[in-house]
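*Asks:* What follows is model05.cif, mmCIF, C-alpha atoms and all ligand atoms.
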data_start
#
loop_
_atom_site.label_atom_id
_atom_site.label_comp_id
_atom_site.auth_asym_id
_atom_site.auth_seq_id
_atom_site.Cartn_x
_atom_site.Cartn_y
_atom_site.Cartn_z
CA ARG Y 1 -24.18 62.52 244.44
CA TRP Y 2 -24.38 60.30 247.55
CA THR Y 3 -27.43 58.55 246.16
CA ALA Y 4 -25.89 58.28 242.69
CA VAL Y 5 -22.78 56.67 244.15
CA ASP Y 6 -24.90 54.19 246.15
CA ASP Y 7 -26.87 53.40 242.99
CA TYR Y 8 -23.68 52.76 241.06
CA THR Y 9 -21.93 50.63 243.70
CA LEU Y 10 -25.06 48.65 244.53
CA ALA Y 11 -25.66 47.90 240.85
CA HIS Y 12 -22.34 46.05 240.91
CA LEU Y 13 -22.01 44.82 244.48
CA GLN Y 14 -25.54 43.97 245.58
CA PRO Y 15 -26.24 40.26 245.89
CA SER Y 16 -26.52 38.82 242.43
CA SER Y 17 -29.46 36.54 243.20
CA ARG Y 18 -32.60 38.12 241.78
CA GLU Y 19 -34.70 36.20 244.27
CA TYR Y 20 -32.79 37.82 247.12
CA ASN Y 21 -33.34 41.33 245.81
CA GLN Y 22 -37.00 40.63 245.11
CA HIS Y 23 -37.59 39.79 248.76
CA LEU Y 24 -35.85 42.93 249.92
CA ASP Y 25 -37.78 45.08 247.44
CA TYR Y 26 -41.00 43.38 248.50
CA ALA Y 27 -40.27 44.11 252.18
CA ILE Y 28 -39.72 47.79 251.39
CA LYS Y 29 -42.91 48.00 249.32
CA ALA Y 30 -45.05 46.09 251.83
CA SER Y 31 -43.74 48.25 254.67
CA ARG Y 32 -44.56 51.41 252.72
CA ASP Y 33 -48.02 50.12 251.74
CA GLU Y 34 -48.75 49.32 255.39
CA GLY Y 35 -47.80 52.84 256.41
CA LEU Y 36 -44.57 52.07 258.26
CA PRO Y 37 -42.15 55.02 258.42
CA PRO Y 38 -39.51 54.89 255.62
CA ILE Y 39 -36.58 54.66 258.02
CA SER Y 40 -35.24 51.15 257.49
CA SER Y 41 -31.49 50.76 257.00
CA SER Y 42 -30.22 51.58 253.54
CA PRO Y 43 -29.11 48.58 251.46
CA VAL Y 44 -25.49 49.64 251.92
CA ILE Y 45 -25.72 49.74 255.72
CA ALA Y 46 -27.79 46.53 255.86
CA LYS Y 47 -25.22 44.72 253.76
CA PHE Y 48 -22.38 46.15 255.82
CA LEU Y 49 -24.05 44.76 258.96
CA ALA Y 50 -24.69 41.42 257.27
CA LEU Y 51 -21.02 41.18 256.32
CA GLN Y 52 -20.00 41.98 259.90
CA CYS Y 53 -22.02 38.94 260.96
CA SER Y 54 -20.24 36.87 258.30
CA ILE Y 55 -16.72 37.82 259.36
CA GLY Y 56 -17.63 37.21 263.00
CA ASN Y 57 -19.16 33.84 262.11
CA VAL Y 58 -22.13 34.98 264.21
CA LYS Y 59 -24.68 32.32 265.11
CA ASN Y 60 -26.94 34.45 267.30
CA ALA Y 61 -27.81 38.06 266.58
CA LEU Y 62 -29.99 40.56 268.38
CA GLU Y 63 -31.83 43.47 266.84
CA VAL Y 64 -33.66 46.13 268.82
CA GLY Y 65 -36.18 47.77 266.48
CA THR Y 66 -37.42 45.34 263.82
CA LEU Y 67 -39.55 47.84 261.89
CA GLY Y 68 -40.53 45.94 258.69
CA GLY Y 69 -37.75 43.35 258.98
CA TYR Y 70 -35.55 44.72 256.20
CA THR Y 71 -32.22 44.52 258.04
CA SER Y 72 -33.09 41.11 259.48
CA ILE Y 73 -33.86 39.73 256.04
CA PHE Y 74 -30.57 41.07 254.70
CA ILE Y 75 -28.58 39.55 257.57
CA ALA Y 76 -30.42 36.22 257.55
CA LYS Y 77 -30.14 35.77 253.79
CA LEU Y 78 -26.40 36.43 253.77
CA ASN Y 79 -25.77 34.22 256.81
CA PRO Y 80 -27.56 30.89 256.32
CA ASP Y 81 -26.71 29.62 259.84
CA ILE Y 82 -27.67 32.69 261.81
CA HIS Y 83 -30.58 33.02 264.23
CA ILE Y 84 -31.83 36.56 264.79
CA THR Y 85 -33.85 37.67 267.79
CA SER Y 86 -35.53 40.94 266.89
CA VAL Y 87 -37.48 43.09 269.34
CA GLU Y 88 -40.27 45.39 268.16
CA ILE Y 89 -42.54 47.49 270.34
CA ASN Y 90 -45.18 48.15 267.69
CA PRO Y 91 -47.47 45.11 267.03
CA LYS Y 92 -48.39 46.39 263.56
CA HIS Y 93 -44.72 46.74 262.58
CA ALA Y 94 -44.05 43.27 263.99
CA GLU Y 95 -46.90 41.78 261.96
CA VAL Y 96 -45.66 43.36 258.73
CA ALA Y 97 -42.13 42.20 259.57
CA ARG Y 98 -43.34 38.64 260.21
CA GLN Y 99 -44.98 38.55 256.80
CA ASN Y 100 -41.86 39.99 255.18
CA VAL Y 101 -39.42 37.55 256.80
CA THR Y 102 -41.71 34.60 256.09
CA ARG Y 103 -42.06 35.59 252.46
CA ALA Y 104 -38.29 35.96 252.26
CA GLY Y 105 -37.90 32.35 253.45
CA VAL Y 106 -36.13 33.26 256.70
CA GLY Y 107 -39.12 33.16 259.04
CA ASP Y 108 -37.71 30.12 260.84
CA ARG Y 109 -34.51 32.01 261.72
CA VAL Y 110 -35.87 35.45 262.55
CA GLU Y 111 -37.70 35.44 265.86
CA ILE Y 112 -39.69 38.61 266.37
CA ILE Y 113 -40.60 39.44 269.96
CA VAL Y 114 -43.25 42.12 270.46
CA GLY Y 115 -42.68 44.37 273.45
CA PRO Y 116 -40.69 47.31 274.78
CA GLY Y 117 -36.95 46.77 274.67
CA LEU Y 118 -36.66 47.77 278.30
CA GLU Y 119 -38.85 44.78 279.22
CA VAL Y 120 -37.80 42.26 276.59
CA LEU Y 121 -34.02 42.65 276.87
CA PRO Y 122 -33.93 41.79 280.60
CA GLN Y 123 -36.02 38.68 279.80
CA LEU Y 124 -33.51 37.70 277.11
CA LYS Y 125 -30.71 38.24 279.61
CA ARG Y 126 -32.41 35.87 282.06
CA ASP Y 127 -32.85 33.33 279.25
CA ILE Y 128 -29.11 33.47 278.60
CA GLU Y 129 -28.19 33.24 282.27
CA GLU Y 130 -30.49 30.25 282.71
CA GLY Y 131 -29.21 28.49 279.59
CA ARG Y 132 -32.33 28.85 277.44
CA ARG Y 133 -30.54 31.07 274.94
CA GLN Y 134 -27.03 31.60 273.67
CA PRO Y 135 -25.19 34.94 273.99
CA PHE Y 136 -25.25 37.27 271.00
CA GLY Y 137 -22.26 37.72 268.72
CA PHE Y 138 -23.87 40.72 267.07
CA THR Y 139 -26.35 43.34 268.28
CA PHE Y 140 -27.96 46.10 266.24
CA ILE Y 141 -29.62 48.85 268.26
CA ASP Y 142 -31.98 50.82 266.04
CA ALA Y 143 -34.99 51.71 268.16
CA ASP Y 144 -36.13 54.62 270.34
CA LYS Y 145 -33.00 56.70 270.54
CA GLU Y 146 -33.50 57.91 274.10
CA ASN Y 147 -32.93 54.37 275.36
CA ASN Y 148 -29.75 53.77 273.34
CA TRP Y 149 -27.58 53.57 276.42
CA ALA Y 150 -29.99 51.34 278.36
CA TYR Y 151 -30.08 48.90 275.44
CA PHE Y 152 -26.33 49.07 274.95
CA ASP Y 153 -25.62 48.54 278.64
CA ILE Y 154 -27.66 45.34 278.77
CA ALA Y 155 -26.50 44.18 275.31
CA VAL Y 156 -22.92 44.15 276.60
CA THR Y 157 -23.95 41.70 279.30
CA MET Y 158 -25.54 39.43 276.67
CA SER Y 159 -22.61 39.48 274.25
CA THR Y 160 -20.02 36.90 273.43
CA SER Y 161 -16.38 37.84 273.83
CA LYS Y 162 -15.54 39.87 270.69
CA GLY Y 163 -19.27 40.28 270.11
CA CYS Y 164 -20.09 43.45 268.20
CA ILE Y 165 -22.70 46.05 269.09
CA PHE Y 166 -23.84 48.60 266.52
CA VAL Y 167 -25.96 51.65 267.33
CA ASP Y 168 -27.69 53.32 264.39
CA ASN Y 169 -28.32 57.01 263.73
CA ILE Y 170 -25.82 58.67 265.96
CA VAL Y 171 -24.68 61.52 263.67
CA ARG Y 172 -27.98 62.87 262.35
CA SER Y 173 -26.61 65.24 259.70
CA GLY Y 174 -24.00 66.45 262.19
CA ARG Y 175 -26.60 67.56 264.72
CA LEU Y 176 -24.64 65.33 267.10
CA VAL Y 177 -22.28 68.24 267.77
CA ASP Y 178 -24.75 71.12 267.48
CA GLU Y 179 -25.24 72.60 270.94
CA LYS Y 180 -28.77 73.78 270.08
CA GLU Y 181 -29.75 70.13 269.55
CA PHE Y 182 -28.34 68.70 272.76
CA GLY Y 183 -31.79 68.57 274.36
CA GLU Y 184 -33.44 66.74 271.43
CA VAL Y 185 -34.11 63.11 272.38
CA SER Y 186 -32.26 61.40 269.54
CA ILE Y 187 -29.19 63.65 269.89
CA LYS Y 188 -29.24 63.23 273.65
CA GLY Y 189 -29.46 59.45 273.18
CA ALA Y 190 -26.61 59.48 270.68
CA ARG Y 191 -24.33 61.59 272.88
CA GLU Y 192 -25.12 59.50 275.93
CA VAL Y 193 -24.19 56.20 274.29
CA ILE Y 194 -20.96 57.68 272.88
CA GLU Y 195 -19.91 59.24 276.18
CA MET Y 196 -20.85 56.22 278.29
CA ALA Y 197 -19.28 53.68 275.91
CA GLY Y 198 -16.07 55.72 276.02
CA LYS Y 199 -15.88 55.28 279.78
CA ASP Y 200 -16.87 51.63 279.68
CA ASN Y 201 -14.03 49.15 280.20
CA ARG Y 202 -16.16 46.29 278.88
CA VAL Y 203 -15.95 47.55 275.28
CA GLU Y 204 -13.74 49.27 272.74
CA ALA Y 205 -15.79 51.51 270.46
CA VAL Y 206 -15.69 53.88 267.51
CA ALA Y 207 -18.24 56.09 265.72
CA VAL Y 208 -18.32 56.06 261.93
CA GLN Y 209 -19.95 58.82 259.89
CA THR Y 210 -21.77 57.72 256.75
CA VAL Y 211 -23.33 59.35 253.71
CA GLY Y 212 -25.59 57.75 251.16
CA GLU Y 213 -29.17 57.53 250.05
CA LYS Y 214 -30.33 58.04 253.65
CA THR Y 215 -28.32 61.30 253.80
CA TYR Y 216 -25.64 62.02 256.40
CA ASP Y 217 -25.69 59.90 259.54
CA GLY Y 218 -23.51 57.28 261.21
CA PHE Y 219 -23.22 54.46 263.67
CA VAL Y 220 -21.32 53.41 266.75
CA MET Y 221 -19.50 50.11 266.57
CA ALA Y 222 -18.39 48.55 269.85
CA VAL Y 223 -16.51 45.31 270.37
CA CYS Y 224 -17.01 43.54 273.69
CA LYS Y 225 -13.89 42.33 275.46
C1 LIG T 1 -35.15 57.68 262.22
C2 LIG T 1 -34.92 56.48 262.87
C3 LIG T 1 -34.02 55.59 262.33
O1 LIG T 1 -33.74 54.41 262.95
C4 LIG T 1 -33.36 55.87 261.14
O2 LIG T 1 -32.46 54.95 260.66
C5 LIG T 1 -33.58 57.07 260.49
C6 LIG T 1 -34.48 57.98 261.03
C7 LIG T 1 -36.12 58.64 262.81
O3 LIG T 1 -36.76 58.29 263.80
O4 LIG T 1 -36.23 59.73 262.28
MG MG T 2 -32.03 53.51 262.14
#
Just dump the structure as C-alpha cells.

*Replies:*
Amino acid sequence: RWTAVDDYTLAHLQPSSREYNQHLDYAIKASRDEGLPPISSSPVIAKFLALQCSIGNVKNALEVGTLGGYTSIFIAKLNPDIHITSVEINPKHAEVARQNVTRAGVGDRVEIIVGPGLEVLPQLKRDIEEGRRQPFGFTFIDADKENNWAYFDIAVTMSTSKGCIFVDNIVRSGRLVDEKEFGEVSIKGAREVIEMAGKDNRVEAVAVQTVGEKTYDGFVMAVCK
C-alpha cells in the first residue's frame, strides 16, 4: 500500500519535465549498475527536501553522504540558484555521483568533496570562518549513522539563522524505540542525535516518521536559531 500510494501521488505530483525525470532515473540506474547500495532517498523524500530549500530560498546547501548524487540532483534541479556542497567518503561513489550530476546538467552547482565527514566538515567550517564560503541554509545528514551527532553539532555552527538541518533514517522501522536495538550503531546514532538536539539551545527540532516505498523510517528536522 505505501508503495502504491507513492506511485499514485508521484504520477501526479512529480516534476512534469520528462528531461528532469530522465536524469533522476539515469542516476538510479547508473548507481545500481556501478554496484552502489540501493539506499538513496526516495523520490518523495528527495522532493520534500528540495521544496524545503525552495521555501527557505536557500543559496548554499550541505549534504553529508552523496552516494550516487540522487538527492543532490533533485535539489539542484528544483532550485536553479542553489549551490550544494556534498561530502562523500567513498571515491567510487563520488565518481559515480560526479557523472550523474554532470549528466543531469547540475555539475557546476554540485561540488562533491571526497573524504570523511569528520575531516571535511571542520575544513568547511574554517572556510566559512575565513570568508571563503558562505554558511549553509540547509544541511542533509545522510551518512554513517554513528557520527550523526558529530555532523549535526558542527553543521549547527555552519548554519545561517533559520537554517534547517535534516538527519535521515532515524526511525528504522520503529527500531528506534526497541531496547534490544539500542546498541546497534544506526539506532545508537539516531537516539544520540535526538537526545542531544533536544538539549541543545541552538536549535528547535522535531522527528517525523515516514512510510513509503523505502518502508517505515523518518527524519529529524532542526531549525537553527
Ligand atoms: C541505509 C542508509 C540510508 O541512508 C538509508 O536512507 C537507508 C538505509 C543503510 O545503511 O541501511
Ligand atoms: Mg538515508

*Asks:* Enumerate as a list in words the residues within 10 Å of ligand LIG 1 (chain T), counting all atoms listed in the file.

*Replies:*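 Counting only what the definition allows, namely all atoms listed in the file, the set is Pro37, Pro38, Ile39, Ser40, Ser41, Ser42, Ile45, Gly65, Thr66, Leu67, Ile141, Asp142, Ala143, Asp144, Lys145, Val167, Asp168, Asn169, Ile170, Arg172, Ser186, Lys214, Thr215, Asp217, Gly218 and Phe219 of chain Y.
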
*Asks:* Skip Y:Phe138 itself and residues of its chain fewer than 6 positions away, then list as a PyMOL selection string all residues within 10 Å of it, counting all atoms listed in the file.

*Replies:* chain Y and resi 49-50+52-53+56-63+84+155+158-160+162-166+222-224

*Asks:* Taking all atoms listed in the file into account, which of Y:Thr71, Y:Ala27, Y:Asp178, Y:Tyr151 comes nearest ligand MG 2 (chain T)?

*Replies:*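 Residue with the minimum atom-to-atom distance to ligand MG 2 (chain T): Y:Thr71.
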
*Asks:* Given all atoms listed in the file as the basis, pick out the residue of Y:Thr102, Y:Pro80, Y:Val171, Y:Pro116 nearest to ligand MG 2 (chain T).

*Replies:* Y:Val171

*Asks:* Rounded to one decimal in Å, what is the spacing between atom CA of Y:Arg98 and atom CA of Y:Phe152?

*Replies:*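 Here the two named atoms are 24.8 Å from each other.
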
*Asks:* What is the atom CA of Y:Pro43-atom CA of Y:Val106 distance in Å, reported with one decimal?

*Replies:*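 So the two atoms, atom CA of Y:Pro43 and atom CA of Y:Val106, lie 17.6 Å apart.
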
*Asks:* Figure out the distance between atom CA of Y:Val206 and atom CA of Y:Lys180, please, to one decimal in Å.

*Replies:*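 Separation between atom CA of Y:Lys180 and atom CA of Y:Val206: 24.0 Å.
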
*Asks:* Excluding same-chain residues fewer than 6 positions from Y:Glu184, what lies within 12 Å of it counting all atoms listed in the file, as a ChimeraX atom specification?

*Replies:* /Y:145-146,172,175-178,190-192

*Asks:* Write out as an MDAnalysis selection string the residues lying within 9 Å of Y:Gly115, counting only C-alpha atoms and excluding same-chain residues fewer than 2 positions away.

*Replies:* chainID Y and resid 87:91 113 117:120

*Asks:* Which residue out of Y:Val96, Y:Ser72, Y:His12, Y:Val5 has the minimum interatomic distance to Y:Leu24 when all atoms listed in the file are used?

*Replies:* Y:Ser72

*Asks:* I need every residue sitting at most 12 Å from the point (-39.9, 34.3, 258.5) (coordinates as in the file, only C-alpha atoms considered), written as an NGL selection string.

*Replies:* :Y and (23 or 27 or 68-70 or 72-73 or 76-77 or 83-86 or 94-112)

*Asks:* Restricting the calculation to all atoms listed in the file: of Y:Thr9, Y:Val220, Y:Asp127, Y:Gly198, which residue gets closest to ligand MG 2 (chain T)?

*Replies:*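 Closest to ligand MG 2 (chain T), using all atoms listed in the file: Y:Val220.
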
*Asks:* Please list as a list in words every residue within 8 Å of Y:Ile154, counting all atoms listed in the file and excluding residues in the same chain fewer than 5 positions away.

*Replies:*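 Listing them by chain and then by number gives Leu121, Pro122 and Lys125 of chain Y.
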
*Asks:* Let me make sure I understand: among Y:Ala205, Y:Phe74, Y:Lys47, Y:His93, which one has the smallest atom-to-atom distance to Y:Arg32 if we use only C-alpha atoms?

*Replies:*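 Result for the nearest residue to Y:Arg32: Y:His93.
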
*Asks:* Under the rule that all atoms listed in the file are counted, which of Y:Val64, Y:Thr3, Y:Gly35, Y:Leu10 is the nearest residue to ligand MG 2 (chain T)?

*Replies:*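 Of Y:Val64, Y:Thr3, Y:Gly35, Y:Leu10, the one nearest ligand MG 2 (chain T), counting all atoms listed in the file, is Y:Val64.
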
*Asks:* What box, with edges along x, y and z, holds each listed atom of stretch 139-150 of chain Y when 8 Å is added on every side, and can you state its centre and edge lengths in Å to one decimal, as JSON?

*Replies:*
{"center_x": -31.2, "center_y": 50.6, "center_z": 272.2, "size_x": 25.8, "size_y": 30.6, "size_z": 28.3}

*Asks:* How would stretch 18-127 of chain Y of the given structure read as a file with C-alpha atoms, as an mmCIF file, in the first residue's frame?

*Replies:*
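part_22.cif, freshly written:
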data_model
loop_
_atom_site.group_PDB
_atom_site.id
_atom_site.type_symbol
_atom_site.label_atom_id
_atom_site.label_comp_id
_atom_site.auth_asym_id
_atom_site.auth_seq_id
_atom_site.Cartn_x
_atom_site.Cartn_y
_atom_site.Cartn_z
ATOM 1 C CA ARG Y 18 10.455 14.489 -18.816
ATOM 2 C CA GLU Y 19 14.072 15.578 -19.039
ATOM 3 C CA TYR Y 20 14.169 16.039 -15.276
ATOM 4 C CA ASN Y 21 12.806 12.570 -14.584
ATOM 5 C CA GLN Y 22 15.133 11.009 -17.132
ATOM 6 C CA HIS Y 23 18.162 12.347 -15.267
ATOM 7 C CA LEU Y 24 16.875 11.046 -11.958
ATOM 8 C CA ASP Y 25 16.081 7.634 -13.461
ATOM 9 C CA TYR Y 26 19.507 7.572 -15.092
ATOM 10 C CA ALA Y 27 21.202 8.350 -11.766
ATOM 11 C CA ILE Y 28 19.362 5.466 -10.106
ATOM 12 C CA LYS Y 29 20.228 3.061 -12.923
ATOM 13 C CA ALA Y 30 23.878 4.131 -13.145
ATOM 14 C CA SER Y 31 24.252 3.835 -9.374
ATOM 15 C CA ARG Y 32 22.757 0.340 -9.445
ATOM 16 C CA ASP Y 33 24.905 -0.718 -12.418
ATOM 17 C CA GLU Y 34 28.023 0.509 -10.593
ATOM 18 C CA GLY Y 35 27.119 -1.556 -7.550
ATOM 19 C CA LEU Y 36 26.224 1.267 -5.170
ATOM 20 C CA PRO Y 37 23.846 0.212 -2.362
ATOM 21 C CA PRO Y 38 20.175 0.976 -3.203
ATOM 22 C CA ILE Y 39 19.716 3.349 -0.278
ATOM 23 C CA SER Y 40 19.303 6.752 -1.913
ATOM 24 C CA SER Y 41 16.415 8.921 -0.752
ATOM 25 C CA SER Y 42 13.032 8.019 -2.187
ATOM 26 C CA PRO Y 43 11.643 10.472 -4.755
ATOM 27 C CA VAL Y 44 9.098 11.663 -2.190
ATOM 28 C CA ILE Y 45 11.722 12.466 0.442
ATOM 29 C CA ALA Y 46 14.102 13.985 -2.124
ATOM 30 C CA LYS Y 47 11.359 16.257 -3.397
ATOM 31 C CA PHE Y 48 10.313 17.157 0.127
ATOM 32 C CA LEU Y 49 13.911 18.219 0.846
ATOM 33 C CA ALA Y 50 14.118 20.123 -2.440
ATOM 34 C CA LEU Y 51 10.939 22.013 -1.553
ATOM 35 C CA GLN Y 52 12.353 22.856 1.882
ATOM 36 C CA CYS Y 53 15.253 24.513 0.079
ATOM 37 C CA SER Y 54 12.777 26.415 -2.092
ATOM 38 C CA ILE Y 55 10.723 27.805 0.781
ATOM 39 C CA GLY Y 56 13.903 28.776 2.619
ATOM 40 C CA ASN Y 57 15.263 30.440 -0.517
ATOM 41 C CA VAL Y 58 18.468 28.505 0.211
ATOM 42 C CA LYS Y 59 21.543 29.531 -1.742
ATOM 43 C CA ASN Y 60 24.051 27.194 -0.091
ATOM 44 C CA ALA Y 61 23.284 23.639 0.929
ATOM 45 C CA LEU Y 62 25.382 20.944 2.544
ATOM 46 C CA GLU Y 63 24.934 17.217 2.165
ATOM 47 C CA VAL Y 64 26.856 14.627 4.153
ATOM 48 C CA GLY Y 65 26.713 11.353 2.213
ATOM 49 C CA THR Y 66 26.471 11.951 -1.547
ATOM 50 C CA LEU Y 67 26.089 8.297 -2.550
ATOM 51 C CA GLY Y 68 25.179 8.463 -6.286
ATOM 52 C CA GLY Y 69 24.044 12.094 -6.187
ATOM 53 C CA TYR Y 70 20.316 11.421 -6.420
ATOM 54 C CA THR Y 71 19.194 13.840 -3.693
ATOM 55 C CA SER Y 72 21.627 16.497 -4.894
ATOM 56 C CA ILE Y 73 20.273 16.295 -8.429
ATOM 57 C CA PHE Y 74 16.712 16.607 -7.150
ATOM 58 C CA ILE Y 75 17.556 19.644 -5.008
ATOM 59 C CA ALA Y 76 19.701 21.350 -7.655
ATOM 60 C CA LYS Y 77 17.155 20.864 -10.431
ATOM 61 C CA LEU Y 78 14.314 22.304 -8.373
ATOM 62 C CA ASN Y 79 16.415 25.231 -7.107
ATOM 63 C CA PRO Y 80 18.218 26.830 -10.062
ATOM 64 C CA ASP Y 81 20.235 29.236 -7.863
ATOM 65 C CA ILE Y 82 21.427 26.773 -5.255
ATOM 66 C CA HIS Y 83 24.997 25.605 -4.704
ATOM 67 C CA ILE Y 84 25.357 22.240 -2.982
ATOM 68 C CA THR Y 85 28.476 21.071 -1.202
ATOM 69 C CA SER Y 86 28.255 17.306 -0.859
ATOM 70 C CA VAL Y 87 30.691 15.187 1.139
ATOM 71 C CA GLU Y 88 31.332 11.542 0.249
ATOM 72 C CA ILE Y 89 33.845 9.227 1.875
ATOM 73 C CA ASN Y 90 33.822 6.591 -0.861
ATOM 74 C CA PRO Y 91 35.788 7.658 -4.010
ATOM 75 C CA LYS Y 92 33.853 5.217 -6.201
ATOM 76 C CA HIS Y 93 30.509 6.620 -5.034
ATOM 77 C CA ALA Y 94 31.831 10.145 -5.573
ATOM 78 C CA GLU Y 95 32.918 9.294 -9.118
ATOM 79 C CA VAL Y 96 29.519 7.830 -9.995
ATOM 80 C CA ALA Y 97 27.850 10.858 -8.406
ATOM 81 C CA ARG Y 98 30.033 13.252 -10.415
ATOM 82 C CA GLN Y 99 28.997 11.547 -13.628
ATOM 83 C CA ASN Y 100 25.344 11.622 -12.573
ATOM 84 C CA VAL Y 101 25.288 15.304 -11.606
ATOM 85 C CA THR Y 102 27.206 16.277 -14.746
ATOM 86 C CA ARG Y 103 24.830 14.340 -16.943
ATOM 87 C CA ALA Y 104 21.912 15.982 -15.155
ATOM 88 C CA GLY Y 105 23.340 19.409 -16.064
ATOM 89 C CA VAL Y 106 23.969 20.475 -12.464
ATOM 90 C CA GLY Y 107 27.657 19.599 -12.230
ATOM 91 C CA ASP Y 108 28.599 23.268 -11.938
ATOM 92 C CA ARG Y 109 26.417 23.675 -8.829
ATOM 93 C CA VAL Y 110 27.050 20.397 -7.024
ATOM 94 C CA GLU Y 111 30.526 20.320 -5.524
ATOM 95 C CA ILE Y 112 31.465 16.839 -4.377
ATOM 96 C CA ILE Y 113 34.251 16.639 -1.807
ATOM 97 C CA VAL Y 114 35.787 13.206 -1.240
ATOM 98 C CA GLY Y 115 36.764 12.484 2.342
ATOM 99 C CA PRO Y 116 35.472 11.525 5.774
ATOM 100 C CA GLY Y 117 32.870 13.910 7.126
ATOM 101 C CA LEU Y 118 34.785 14.230 10.370
ATOM 102 C CA GLU Y 119 37.704 15.720 8.414
ATOM 103 C CA VAL Y 120 35.875 17.607 5.682
ATOM 104 C CA LEU Y 121 33.266 19.374 7.830
ATOM 105 C CA PRO Y 122 35.867 21.098 10.054
ATOM 106 C CA GLN Y 123 37.613 22.281 6.864
ATOM 107 C CA LEU Y 124 34.322 23.689 5.583
ATOM 108 C CA LYS Y 125 33.825 25.400 8.929
ATOM 109 C CA ARG Y 126 37.241 27.054 8.618
ATOM 110 C CA ASP Y 127 36.357 28.126 5.061
#
